[in-house]
>>> print(open('work03.csv').read())   # CSV, C-alpha atoms
chain,number,residue,atom,x,y,z
C,1,MET,CA,80.5,77.1,117.1
C,2,ASN,CA,83.6,78.2,119.1
C,3,ILE,CA,85.6,75.1,120.1
C,4,ILE,CA,88.6,74.5,122.3
C,5,LEU,CA,90.5,71.2,121.5
C,6,SER,CA,93.3,69.5,123.4
C,7,GLY,CA,95.3,66.4,122.8
C,8,GLY,CA,99.0,66.0,122.8
C,9,GLY,CA,102.3,64.3,123.2
C,10,THR,CA,102.2,62.2,120.1
C,11,ALA,CA,100.6,62.5,116.7
C,12,GLY,CA,98.1,59.8,117.7
C,13,HIS,CA,96.4,62.2,120.1
C,14,ILE,CA,96.9,65.4,118.0
C,15,ASN,CA,95.8,64.3,114.5
C,16,PRO,CA,92.3,63.3,115.7
C,17,ALA,CA,91.9,66.8,117.2
C,18,ILE,CA,93.1,68.4,114.0
C,19,ALA,CA,90.6,66.2,112.0
C,20,ILE,CA,87.7,67.3,114.2
C,21,ALA,CA,88.7,71.0,114.0
C,22,ASN,CA,88.9,70.9,110.2
C,23,TYR,CA,85.6,69.1,109.9
C,24,VAL,CA,83.9,71.7,112.1
C,25,LEU,CA,85.3,74.5,109.9
C,26,SER,CA,84.2,72.7,106.8
C,27,LYS,CA,80.6,72.8,108.1
C,28,GLU,CA,80.8,76.2,109.9
C,29,PRO,CA,83.6,78.3,108.4
C,30,ASP,CA,82.9,81.1,110.8
C,31,SER,CA,83.7,78.9,113.8
C,32,LYS,CA,86.6,79.9,116.1
C,33,ILE,CA,89.0,77.2,117.0
C,34,LEU,CA,91.6,77.2,119.8
C,35,PHE,CA,94.0,74.4,120.8
C,36,ILE,CA,95.6,74.0,124.3
C,37,GLY,CA,98.8,72.0,124.5
C,38,THR,CA,102.4,72.0,125.9
C,39,LYS,CA,105.5,73.4,124.3
C,40,LYS,CA,107.3,70.1,124.7
C,41,GLY,CA,104.7,68.0,122.9
C,42,LEU,CA,104.5,67.4,119.2
C,43,GLU,CA,101.4,69.7,119.2
C,44,ASN,CA,103.8,72.6,119.4
C,45,LYS,CA,104.8,71.8,115.8
C,46,LEU,CA,101.8,70.2,114.2
C,47,ILE,CA,99.1,72.6,115.4
C,48,PRO,CA,100.7,75.8,114.1
C,49,ASN,CA,101.6,74.0,110.8
C,50,GLU,CA,97.8,73.4,110.3
C,51,GLY,CA,97.2,77.2,110.8
C,52,PHE,CA,95.5,76.9,114.2
C,53,ASP,CA,96.0,79.1,117.3
C,54,ILE,CA,97.4,77.3,120.3
C,55,LYS,CA,97.8,78.3,124.0
C,56,TYR,CA,100.3,76.6,126.2
C,57,ILE,CA,100.1,75.1,129.7
C,58,ASP,CA,102.9,73.5,131.7
C,59,VAL,CA,101.8,70.0,132.7
C,60,GLU,CA,103.4,66.5,132.7
C,61,GLY,CA,102.2,62.9,133.0
C,62,PHE,CA,101.7,61.1,136.3
C,63,SER,CA,103.9,58.1,137.3
C,64,THR,CA,102.4,54.7,137.8
C,65,GLU,CA,105.5,53.6,139.8
C,66,SER,CA,105.8,55.9,142.7
C,67,LYS,CA,103.5,58.4,144.5
C,68,ILE,CA,106.5,60.5,145.5
C,69,LYS,CA,107.3,61.0,141.8
C,70,ASN,CA,103.7,62.4,141.4
C,71,LEU,CA,104.3,65.5,143.6
C,72,ARG,CA,105.5,67.7,140.8
C,73,PRO,CA,103.0,66.5,138.2
C,74,GLY,CA,100.2,67.0,140.8
C,75,ILE,CA,101.3,70.6,141.4
C,76,LYS,CA,101.5,71.2,137.7
C,77,PHE,CA,98.1,69.7,137.2
C,78,ALA,CA,96.5,72.1,139.7
C,79,THR,CA,98.2,75.1,138.2
C,80,GLY,CA,97.3,73.8,134.8
C,81,ILE,CA,93.6,73.8,135.8
C,82,LEU,CA,93.9,77.4,136.9
C,83,LYS,CA,95.5,78.4,133.6
C,84,CYS,CA,92.9,76.6,131.7
C,85,LEU,CA,90.1,78.2,133.6
C,86,SER,CA,91.5,81.6,132.6
C,87,ILE,CA,92.0,80.6,128.9
C,88,ILE,CA,88.5,79.0,128.7
C,89,SER,CA,86.8,82.0,130.4
C,90,ALA,CA,88.5,84.4,127.9
C,91,PHE,CA,87.7,82.4,124.8
C,92,LYS,CA,84.1,81.5,125.8
C,93,PRO,CA,83.9,78.2,123.9
C,94,ASP,CA,80.6,76.5,123.1
C,95,ALA,CA,82.2,73.1,123.8
C,96,VAL,CA,85.6,71.6,124.7
C,97,VAL,CA,87.0,68.4,123.0
C,98,GLY,CA,89.8,66.3,124.5
C,99,THR,CA,91.6,63.6,122.4
C,100,GLY,CA,93.9,62.1,125.0
C,101,GLY,CA,97.3,62.6,126.4
C,102,TYR,CA,98.0,64.1,129.8
C,103,VAL,CA,97.7,67.6,128.5
C,104,CYS,CA,93.9,67.3,127.8
C,105,ALA,CA,93.1,66.4,131.5
C,106,PRO,CA,93.3,69.8,133.0
C,107,VAL,CA,91.7,71.4,130.0
C,108,VAL,CA,88.6,69.1,130.1
C,109,PHE,CA,88.5,69.2,133.9
C,110,ALA,CA,88.4,73.0,133.9
C,111,ALA,CA,85.6,73.0,131.3
C,112,ASN,CA,83.6,70.6,133.4
C,113,LEU,CA,84.0,72.9,136.4
C,114,LEU,CA,82.7,75.7,134.2
C,115,ASN,CA,79.7,73.6,133.1
C,116,ILE,CA,80.8,73.8,129.5
C,117,PRO,CA,79.8,70.7,127.4
C,118,THR,CA,82.7,68.4,126.8
C,119,ILE,CA,83.5,65.5,124.5
C,120,ILE,CA,86.5,63.2,125.0
C,121,HIS,CA,87.7,60.7,122.5
C,122,GLU,CA,89.6,57.5,123.0
C,123,GLN,CA,91.5,56.1,120.0
C,124,ASN,CA,92.5,52.7,121.4
C,125,VAL,CA,90.6,49.7,122.8
C,126,PHE,CA,92.2,50.2,126.2
C,127,PRO,CA,91.4,53.8,127.4
C,128,GLY,CA,94.4,55.9,128.6
C,129,ALA,CA,94.6,57.3,132.1
C,130,ALA,CA,93.4,60.7,131.1
C,131,ILE,CA,90.3,59.4,129.3
C,132,LYS,CA,89.4,57.1,132.2
C,133,PHE,CA,89.7,60.0,134.7
C,134,LEU,CA,87.7,62.4,132.6
C,135,SER,CA,84.9,60.1,131.4
C,136,LYS,CA,83.2,60.2,134.8
C,137,LYS,CA,82.3,63.9,134.3
C,138,SER,CA,82.5,64.6,130.6
C,139,THR,CA,79.3,65.1,128.7
C,140,VAL,CA,80.2,62.4,126.1
C,141,THR,CA,83.0,59.8,125.9
C,142,ALA,CA,83.5,58.9,122.3
C,143,ILE,CA,85.2,55.6,121.6
C,144,SER,CA,86.6,53.9,118.5
C,145,PHE,CA,86.0,50.3,119.5
C,146,ASP,CA,82.9,48.9,121.2
C,147,GLU,CA,85.2,46.8,123.4
C,148,SER,CA,86.2,50.0,125.2
C,149,LYS,CA,82.9,50.1,127.0
C,150,ASP,CA,84.1,47.3,129.3
C,151,TYR,CA,86.8,49.6,130.6
C,152,LEU,CA,84.7,52.7,131.0
C,153,LYS,CA,81.9,51.5,133.4
C,154,SER,CA,81.8,54.9,135.1
C,155,ALA,CA,81.5,57.0,132.0
C,156,LYS,CA,78.6,59.4,132.0
C,157,SER,CA,77.7,58.7,128.3
C,158,ILE,CA,79.4,56.6,125.7
C,159,LEU,CA,79.2,57.0,121.9
C,160,THR,CA,81.0,54.7,119.4
C,161,THR,CA,82.4,56.8,116.6
C,162,GLY,CA,85.5,55.2,115.2
C,163,ASN,CA,88.7,57.3,114.8
C,164,PRO,CA,88.7,60.8,113.3
C,165,ILE,CA,90.6,60.8,110.1
C,166,ARG,CA,92.1,63.9,108.5
C,167,PRO,CA,90.1,65.0,105.4
C,168,ALA,CA,93.3,65.2,103.4
C,169,ILE,CA,93.8,61.5,103.9
C,170,LEU,CA,90.3,60.6,102.9
C,171,SER,CA,90.4,62.8,99.7
C,172,SER,CA,93.9,61.7,98.6
C,173,SER,CA,94.3,60.2,95.1
C,174,ARG,CA,96.7,57.3,94.6
C,175,GLU,CA,97.3,58.2,91.0
C,176,LEU,CA,98.1,61.9,91.7
C,177,SER,CA,100.2,61.0,94.8
C,178,ARG,CA,102.4,58.6,92.8
C,179,LYS,CA,102.8,61.2,90.1
C,180,SER,CA,103.7,63.8,92.7
C,181,LEU,CA,106.4,61.5,94.1
C,182,GLU,CA,107.7,60.6,90.6
C,183,LEU,CA,107.4,56.9,91.3
C,184,ASN,CA,106.5,55.9,87.8
C,185,GLU,CA,106.2,52.1,87.9
C,186,LYS,CA,108.2,51.7,91.2
C,187,LYS,CA,106.5,50.0,94.1
C,188,LEU,CA,106.6,52.1,97.3
C,189,ILE,CA,107.3,50.7,100.8
C,190,LEU,CA,106.5,53.3,103.4
C,191,ALA,CA,108.1,52.7,106.8
C,192,LEU,CA,106.9,54.6,109.8
C,193,GLY,CA,108.0,54.5,113.5
C,194,GLY,CA,105.3,56.7,114.8
C,195,SER,CA,105.8,60.4,115.6
C,196,LEU,CA,108.5,59.6,118.1
C,197,GLY,CA,110.3,57.0,115.9
C,198,ALA,CA,111.1,53.4,116.5
C,199,ALA,CA,114.7,52.1,116.6
C,200,ALA,CA,113.6,48.5,115.8
C,201,ILE,CA,111.9,49.5,112.6
C,202,ASN,CA,114.6,52.0,111.6
C,203,ASP,CA,117.3,49.4,112.1
C,204,THR,CA,115.4,46.8,110.1
C,205,ILE,CA,114.7,49.2,107.2
C,206,VAL,CA,118.4,50.3,107.2
C,207,GLU,CA,119.4,46.7,106.7
C,208,PHE,CA,116.8,46.2,104.0
C,209,ILE,CA,118.0,49.3,102.1
C,210,LYS,CA,121.6,48.2,102.3
C,211,LYS,CA,120.8,44.7,101.0
C,212,ASN,CA,118.2,45.6,98.4
C,213,THR,CA,119.2,45.4,94.8
C,214,ASP,CA,115.8,45.7,93.3
C,215,THR,CA,115.6,49.1,91.6
C,216,SER,CA,111.9,48.7,91.0
C,217,LEU,CA,111.4,49.3,94.7
C,218,LYS,CA,111.4,52.7,96.5
C,219,VAL,CA,111.6,53.0,100.3
C,220,ILE,CA,110.5,56.1,102.3
C,221,LEU,CA,111.5,55.9,105.9
C,222,SER,CA,110.3,58.3,108.6
C,223,THR,CA,112.8,57.9,111.4
C,224,GLY,CA,111.5,60.3,114.0
C,225,GLU,CA,113.7,63.0,115.6
C,226,ARG,CA,115.8,60.7,117.8
C,227,ASP,CA,117.2,58.4,115.1
C,228,TYR,CA,117.4,60.6,112.1
C,229,ASP,CA,121.1,61.5,112.3
C,230,ARG,CA,122.1,58.0,113.2
C,231,VAL,CA,120.2,56.5,110.2
C,232,ILE,CA,121.6,59.1,107.8
C,233,ASN,CA,125.1,58.2,109.1
C,234,GLN,CA,124.5,54.5,108.6
C,235,LEU,CA,123.4,55.0,105.0
C,236,LYS,CA,125.9,57.6,103.9
C,237,ASP,CA,127.9,55.1,101.9
C,238,THR,CA,124.9,53.3,100.4
C,239,ASN,CA,125.1,54.0,96.6
C,240,ASN,CA,121.6,53.6,95.3
C,241,GLU,CA,118.6,55.9,94.7
C,242,THR,CA,115.9,53.6,96.0
C,243,PHE,CA,115.4,55.2,99.4
C,244,GLU,CA,114.5,58.5,101.0
C,245,ILE,CA,115.0,59.3,104.7
C,246,ARG,CA,112.8,61.9,106.5
C,247,LYS,CA,112.5,62.9,110.2
C,248,TYR,CA,108.8,63.3,109.9
C,249,ILE,CA,106.4,63.0,107.0
C,250,GLU,CA,104.5,66.3,106.6
C,251,ASP,CA,102.6,65.2,103.4
C,252,MET,CA,101.2,61.9,104.9
C,253,ASP,CA,98.2,62.1,102.7
C,254,THR,CA,100.4,61.9,99.6
C,255,VAL,CA,102.9,59.4,100.8
C,256,LEU,CA,100.4,57.0,102.4
C,257,SER,CA,98.1,57.1,99.4
C,258,ALA,CA,101.0,56.3,97.0
C,259,ALA,CA,102.3,53.3,99.1
C,260,ASP,CA,102.0,49.7,98.1
C,261,LEU,CA,103.0,48.4,101.5
C,262,VAL,CA,103.2,50.1,104.9
C,263,VAL,CA,105.6,49.0,107.6
C,264,CYS,CA,104.7,50.6,110.9
C,265,ARG,CA,103.8,50.5,114.6
C,266,SER,CA,100.1,49.9,115.3
C,267,GLY,CA,98.8,53.0,116.9
C,268,ALA,CA,95.1,53.4,116.5
C,269,ILE,CA,95.1,56.5,114.2
C,270,THR,CA,97.8,55.0,111.9
C,271,LEU,CA,95.7,51.8,111.5
C,272,SER,CA,92.5,53.8,110.9
C,273,GLU,CA,94.3,55.7,108.1
C,274,ILE,CA,95.7,52.5,106.6
C,275,CYS,CA,92.3,51.0,106.5
C,276,ALA,CA,90.6,54.1,105.1
C,277,LEU,CA,93.0,54.0,102.2
C,278,GLY,CA,93.0,50.2,101.9
C,279,LYS,CA,96.7,49.5,102.4
C,280,ALA,CA,98.5,46.2,103.0
C,281,SER,CA,100.8,46.4,106.0
C,282,VAL,CA,103.4,44.7,108.1
C,283,LEU,CA,102.8,45.8,111.7
C,284,ILE,CA,105.4,45.8,114.5
C,285,PRO,CA,103.5,46.8,117.7
C,286,SER,CA,105.4,49.0,120.2
C,287,PRO,CA,106.0,47.0,123.4
C,288,ASN,CA,106.4,50.2,125.3
C,289,VAL,CA,102.7,51.2,125.7
C,290,VAL,CA,100.2,50.9,128.4
C,291,ASN,CA,98.2,47.6,128.5
C,292,ASN,CA,100.0,46.4,125.3
C,293,HIS,CA,97.2,48.1,123.4
C,294,GLN,CA,99.2,48.3,120.1
C,295,GLU,CA,99.3,44.5,119.8
C,296,TYR,CA,95.5,44.3,120.3
C,297,ASN,CA,95.1,46.9,117.6
C,298,ALA,CA,97.4,45.0,115.3
C,299,ARG,CA,95.7,41.6,115.9
C,300,ALA,CA,92.4,43.0,114.8
C,301,LEU,CA,93.9,43.6,111.3
C,302,GLU,CA,95.7,40.3,111.3
C,303,LYS,CA,92.5,38.5,112.1
C,304,SER,CA,90.9,39.9,109.0
C,305,ASN,CA,93.9,39.1,106.9
C,306,ALA,CA,94.6,42.7,106.3
C,307,ALA,CA,98.1,42.7,107.8
C,308,PHE,CA,101.0,40.7,109.0
C,309,VAL,CA,102.1,41.1,112.6
C,310,ILE,CA,105.6,40.7,113.9
C,311,LEU,CA,106.2,41.3,117.6
C,312,GLU,CA,109.4,43.3,118.3
C,313,LYS,CA,110.8,40.5,120.5
C,314,GLU,CA,110.4,38.1,117.6
C,315,LEU,CA,111.7,40.5,114.9
C,316,THR,CA,114.5,39.3,112.7
C,317,TYR,CA,115.6,40.5,109.3
C,318,ASP,CA,114.8,37.2,107.6
C,319,LEU,CA,111.3,37.1,109.1
C,320,PHE,CA,110.7,40.7,108.0
C,321,LEU,CA,112.0,40.1,104.5
C,322,ASP,CA,109.8,37.1,104.1
C,323,LYS,CA,106.7,39.1,105.0
C,324,VAL,CA,107.6,42.0,102.8
C,325,GLN,CA,108.4,39.9,99.8
C,326,SER,CA,105.2,37.9,100.1
C,327,VAL,CA,103.2,41.1,99.8
C,328,ILE,CA,105.3,43.3,97.5
C,329,TYR,CA,105.9,40.6,94.8
C,330,SER,CA,102.4,39.1,94.9
C,331,ASP,CA,99.8,41.3,93.3
C,332,SER,CA,97.0,38.9,94.3
C,333,LYS,CA,98.1,38.7,98.0
C,334,ARG,CA,98.5,42.5,98.2
C,335,SER,CA,95.1,43.1,96.5
C,336,GLU,CA,93.5,40.7,99.0
C,337,MET,CA,95.0,42.5,102.0
C,338,GLU,CA,94.0,45.9,100.6
C,339,LYS,CA,90.4,44.8,100.2
C,340,ASN,CA,90.3,43.4,103.7
C,341,ALA,CA,91.8,46.6,105.2
C,342,LEU,CA,89.3,48.7,103.4
C,343,SER,CA,86.5,46.5,104.8
C,344,LEU,CA,87.6,47.5,108.3
C,345,ALA,CA,87.5,51.3,107.6
C,346,LYS,CA,85.3,53.6,109.7
C,347,THR,CA,85.4,57.0,108.0
C,348,GLN,CA,82.4,58.8,109.6
C,349,ALA,CA,83.9,59.7,113.0
C,350,CYS,CA,84.3,63.4,112.4
C,351,GLU,CA,80.7,63.7,111.2
C,352,ILE,CA,79.4,61.7,114.2
C,353,ILE,CA,81.4,63.8,116.6
C,354,TYR,CA,80.3,67.1,114.9
C,355,ASP,CA,76.7,66.1,115.1
C,356,LYS,CA,77.1,65.3,118.8
C,357,LEU,CA,78.8,68.6,119.4
C,358,LYS,CA,75.8,70.4,117.8
C,359,ASP,CA,73.5,68.4,119.9
C,360,ILE,CA,75.1,69.0,123.3
C,361,VAL,CA,75.7,72.7,122.5
C,362,THR,CA,72.0,73.1,121.6
C,363,LYS,CA,71.0,71.5,124.9
C,364,LYS,CA,73.3,73.4,127.2
>>> encode(input="work03.csv", output="structure tokens")
Amino acid sequence: MNIILSGGGTAGHINPAIAIANYVLSKEPDSKILFIGTKKGLENKLIPNEGFDIKYIDVEGFSTESKIKNLRPGIKFATGILKCLSIISAFKPDAVVGTGGYVCAPVVFAANLLNIPTIIHEQNVFPGAAIKFLSKKSTVTAISFDESKDYLKSAKSILTTGNPIRPAILSSSRELSRKSLELNEKKLILALGGSLGAAAINDTIVEFIKKNTDTSLKVILSTGERDYDRVINQLKDTNNETFEIRKYIEDMDTVLSAADLVVCRSGAITLSEICALGKASVLIPSPNVVNNHQEYNARALEKSNAAFVILEKELTYDLFLDKVQSVIYSDSKRSEMEKNALSLAKTQACEIIYDKLKDIVTKK
């Protein structure tokens, strides 16, 4: 199959597309894969790093505050459709897949105009604007949670798949990962702020690193681009070797597999990967998302006793420390949370989406 994929802005939209692309290639090595994204989105880095070709269009998201502010995005959307029509016509895909973010809207819209089969995928309970818009015409709308059906009443066809997880995550080995990171007997706390970073998590982890005297712990913090220099500067006089600061974690399969506790936002893809590997977590949902969907994601894990949830407005160092210590210093508690997280895992999404791709391509 020849497939065009599009999803962008954040890793939460890009990684599912990468997972689907890799799965298609694992089944059909002769397949041709092309991504369409923007130069300003994280896809500009992640897609080439995975070895895939990418074509660029110039689009931006619409404002929910003012119609006047949507004049430029509207013009770019129209020109984006024209550019996509040209790219799609030249590539001649058997199907087009969109995984969310505003960049996928003109791509899938153009494919629908050309009567090319399309699948769009929503990672969260509450569908984003692009997915809602595209679901009315797309061949199949794939969802990760059954609850999403309530918000997609106009969708042409709905299929529950779960979230696509990268093969490298699913096949990772905790033992080999810990050896690779030279952890020995140290417990690893992995702190992530999402692909864009999170100041609240970064600041809390910086305080934890400064106050931590337990050399049996190792902290790896992914700050994101914005906070990296600030965090490095704050820790420049901290004299211990129990921490490692990175802008972004390239080897997520290794680091996540090795972790004993994960501190992070609660984007759907991150939580899917945590559950797939059975990791205990302290979740701090981002308050800056549409429909507060990250809190809903996090509460699902909390309800199953797989995670602790701390809202950012309630986050204090003492509360954070209490949750971390209750997990990291209790093997029984951590084991219980790991077991519960694993019970929530849905790891067949790529297979289900691939099978549906084969089905709709055959029927076209």
>>> residues_around(input="work03.csv", residues="segment 142-151 of chain C", least_positions_apart="4", cutoff="7 Å", atoms="only C-alpha atoms", output="PyMOL selection string")
chain C and resi 119-127+158-163
>>> closest_residue(input="work03.csv", among="C:Val290, C:Met252, C:Ile328, C:Ala268", to="Arg166 of chain C", atoms="only C-alpha atoms")
C:Met252
>>> residues_around(input="work03.csv", residues="Glu28 of chain C", least_positions_apart="4", cutoff="9 Å", atoms="all atoms listed in the file", output="VMD selection string")
chain C and resid 1 23 to 24
>>> atom_distance(input="work03.csv", atom1="atom CA of Glu250 of chain C", atom2="atom CA of Glu50 of chain C")
10.4 Å
>>> residues_around(input="work03.csv", residues="segment 84-100 of chain C", least_positions_apart="3", cutoff="8 Å", atoms="only C-alpha atoms", output="number ranges by chain")
C: 1-8, 13-14, 16-17, 55, 57, 80-81, 103-108, 110-111, 114, 116-123, 128, 130-131, 357, 361
>>> residues_near_point(input="work03.csv", point="(105.9, 67.1, 140.1)", cutoff="10 Å", atoms="only C-alpha atoms", output="PyMOL selection string")
chain C and resi 59-63+68-77
>>> closest_residue(input="work03.csv", among="C:Ser343, C:Asn49, C:Ser157, C:Thr10", to="Leu196 of chain C", atoms="only C-alpha atoms")
C:Thr10
>>> atom_distance(input="work03.csv", atom1="atom CA of Ser326 of chain C", atom2="atom CA of Glu175 of chain C")
23.6 Å
>>> residues_around(input="work03.csv", residues="Leu181 of chain C", least_positions_apart="6", cutoff="10 Å", atoms="all atoms listed in the file", output="list in words")
Leu188, Thr254, Val255 and Ala258 of chain C
>>> write_last_selection(input="work03.csv", atoms="C-alpha atoms", output="PDB file, keeping the file's coordinate frame")
ATOM      1  CA  LEU C 188     106.600  52.100  97.300  1.00  0.00           C
ATOM      2  CA  THR C 254     100.400  61.900  99.600  1.00  0.00           C
ATOM      3  CA  VAL C 255     102.900  59.400 100.800  1.00  0.00           C
ATOM      4  CA  ALA C 258     101.000  56.300  97.000  1.00  0.00           C
TER       5      ALA C 258
END
>>> closest_residue(input="work03.csv", among="C:Ile33, C:Ile232, C:Ile209, C:Leu190", to="Val282 of chain C", atoms="only C-alpha atoms")
C:Leu190
>>> atom_distance(input="work03.csv", atom1="atom CA of Ile284 of chain C", atom2="atom CA of Lys210 of chain C")
20.4 Å
>>> residues_around(input="work03.csv", residues="Arg265 of chain C", least_positions_apart="5", cutoff="8 Å", atoms="all atoms listed in the file", output="PyMOL selection string")
chain C and resi 192-194+270+283-286+294
>>> closest_residue(input="work03.csv", among="C:Asn291, C:Ala199, C:Ala345, C:Glu302", to="Ala129 of chain C", atoms="all atoms listed in the file")
C:Asn291
>>> closest_residue(input="work03.csv", among="C:Lys333, C:Lys363, C:Lys303, C:Lys346", to="Ile274 of chain C", atoms="only C-alpha atoms")
C:Lys346
>>> residues_near_point(input="work03.csv", point="(89.4, 40.6, 109.7)", cutoff="10 Å", atoms="only C-alpha atoms", output="PyMOL selection string")
chain C and resi 299-307+337+340-341+343-344
>>> closest_residue(input="work03.csv", among="C:Ile360, C:Ile269, C:Ile353, C:Ala155", to="Gly12 of chain C", atoms="only C-alpha atoms")
C:Ile269
>>> build_atoms(input="work03.csv", residues="segment 118-138 of chain C", atoms="N, CA and C atoms", output="PDB file, in the frame of the given file")
ATOM      1  N   THR C 118      81.444  68.952 127.166  1.00  0.00           N
ATOM      2  CA  THR C 118      82.700  68.400 126.800  1.00  0.00           C
ATOM      3  C   THR C 118      82.544  67.025 126.092  1.00  0.00           C
ATOM      4  N   ILE C 119      83.404  66.782 125.117  1.00  0.00           N
ATOM      5  CA  ILE C 119      83.500  65.500 124.500  1.00  0.00           C
ATOM      6  C   ILE C 119      84.954  65.032 124.570  1.00  0.00           C
ATOM      7  N   ILE C 120      85.182  63.822 125.047  1.00  0.00           N
ATOM      8  CA  ILE C 120      86.500  63.200 125.000  1.00  0.00           C
ATOM      9  C   ILE C 120      86.508  62.063 124.071  1.00  0.00           C
ATOM     10  N   HIS C 121      87.650  61.800 123.430  1.00  0.00           N
ATOM     11  CA  HIS C 121      87.700  60.700 122.500  1.00  0.00           C
ATOM     12  C   HIS C 121      88.889  59.800 122.757  1.00  0.00           C
ATOM     13  N   GLU C 122      88.598  58.489 122.805  1.00  0.00           N
ATOM     14  CA  GLU C 122      89.600  57.500 123.000  1.00  0.00           C
ATOM     15  C   GLU C 122      89.874  56.732 121.713  1.00  0.00           C
ATOM     16  N   GLN C 123      91.140  56.686 121.295  1.00  0.00           N
ATOM     17  CA  GLN C 123      91.500  56.100 120.000  1.00  0.00           C
ATOM     18  C   GLN C 123      91.669  54.556 120.092  1.00  0.00           C
ATOM     19  N   ASN C 124      92.115  54.068 121.246  1.00  0.00           N
ATOM     20  CA  ASN C 124      92.500  52.700 121.400  1.00  0.00           C
ATOM     21  C   ASN C 124      91.391  51.845 122.096  1.00  0.00           C
ATOM     22  N   VAL C 125      91.537  50.534 122.057  1.00  0.00           N
ATOM     23  CA  VAL C 125      90.600  49.700 122.800  1.00  0.00           C
ATOM     24  C   VAL C 125      90.717  49.920 124.276  1.00  0.00           C
ATOM     25  N   PHE C 126      91.967  49.972 124.786  1.00  0.00           N
ATOM     26  CA  PHE C 126      92.200  50.200 126.200  1.00  0.00           C
ATOM     27  C   PHE C 126      92.318  51.728 126.453  1.00  0.00           C
ATOM     28  N   PRO C 127      91.400  52.324 127.195  1.00  0.00           N
ATOM     29  CA  PRO C 127      91.400  53.800 127.400  1.00  0.00           C
ATOM     30  C   PRO C 127      92.695  54.174 128.212  1.00  0.00           C
ATOM     31  N   GLY C 128      93.241  55.339 127.854  1.00  0.00           N
ATOM     32  CA  GLY C 128      94.400  55.900 128.600  1.00  0.00           C
ATOM     33  C   GLY C 128      93.908  56.451 129.925  1.00  0.00           C
ATOM     34  N   ALA C 129      94.878  56.780 130.785  1.00  0.00           N
ATOM     35  CA  ALA C 129      94.600  57.300 132.100  1.00  0.00           C
ATOM     36  C   ALA C 129      93.747  58.551 132.100  1.00  0.00           C
ATOM     37  N   ALA C 130      94.096  59.460 131.190  1.00  0.00           N
ATOM     38  CA  ALA C 130      93.400  60.700 131.100  1.00  0.00           C
ATOM     39  C   ALA C 130      91.913  60.535 130.759  1.00  0.00           C
ATOM     40  N   ILE C 131      91.661  59.664 129.789  1.00  0.00           N
ATOM     41  CA  ILE C 131      90.300  59.400 129.300  1.00  0.00           C
ATOM     42  C   ILE C 131      89.475  58.739 130.447  1.00  0.00           C
ATOM     43  N   LYS C 132      90.071  57.766 131.119  1.00  0.00           N
ATOM     44  CA  LYS C 132      89.400  57.100 132.200  1.00  0.00           C
ATOM     45  C   LYS C 132      88.974  58.100 133.303  1.00  0.00           C
ATOM     46  N   PHE C 133      89.905  58.966 133.641  1.00  0.00           N
ATOM     47  CA  PHE C 133      89.700  60.000 134.700  1.00  0.00           C
ATOM     48  C   PHE C 133      88.572  60.952 134.268  1.00  0.00           C
ATOM     49  N   LEU C 134      88.624  61.405 133.024  1.00  0.00           N
ATOM     50  CA  LEU C 134      87.700  62.400 132.600  1.00  0.00           C
ATOM     51  C   LEU C 134      86.306  61.909 132.223  1.00  0.00           C
ATOM     52  N   SER C 135      86.206  60.617 131.920  1.00  0.00           N
ATOM     53  CA  SER C 135      84.900  60.100 131.400  1.00  0.00           C
ATOM     54  C   SER C 135      83.809  60.140 132.474  1.00  0.00           C
ATOM     55  N   LYS C 136      84.176  60.212 133.747  1.00  0.00           N
ATOM     56  CA  LYS C 136      83.200  60.200 134.800  1.00  0.00           C
ATOM     57  C   LYS C 136      82.344  61.534 134.791  1.00  0.00           C
ATOM     58  N   LYS C 137      82.944  62.622 134.296  1.00  0.00           N
ATOM     59  CA  LYS C 137      82.300  63.900 134.300  1.00  0.00           C
ATOM     60  C   LYS C 137      81.991  64.494 132.937  1.00  0.00           C
ATOM     61  N   SER C 138      82.675  63.993 131.915  1.00  0.00           N
ATOM     62  CA  SER C 138      82.500  64.600 130.600  1.00  0.00           C
ATOM     63  C   SER C 138      81.107  64.284 130.034  1.00  0.00           C
TER      64      SER C 138
END
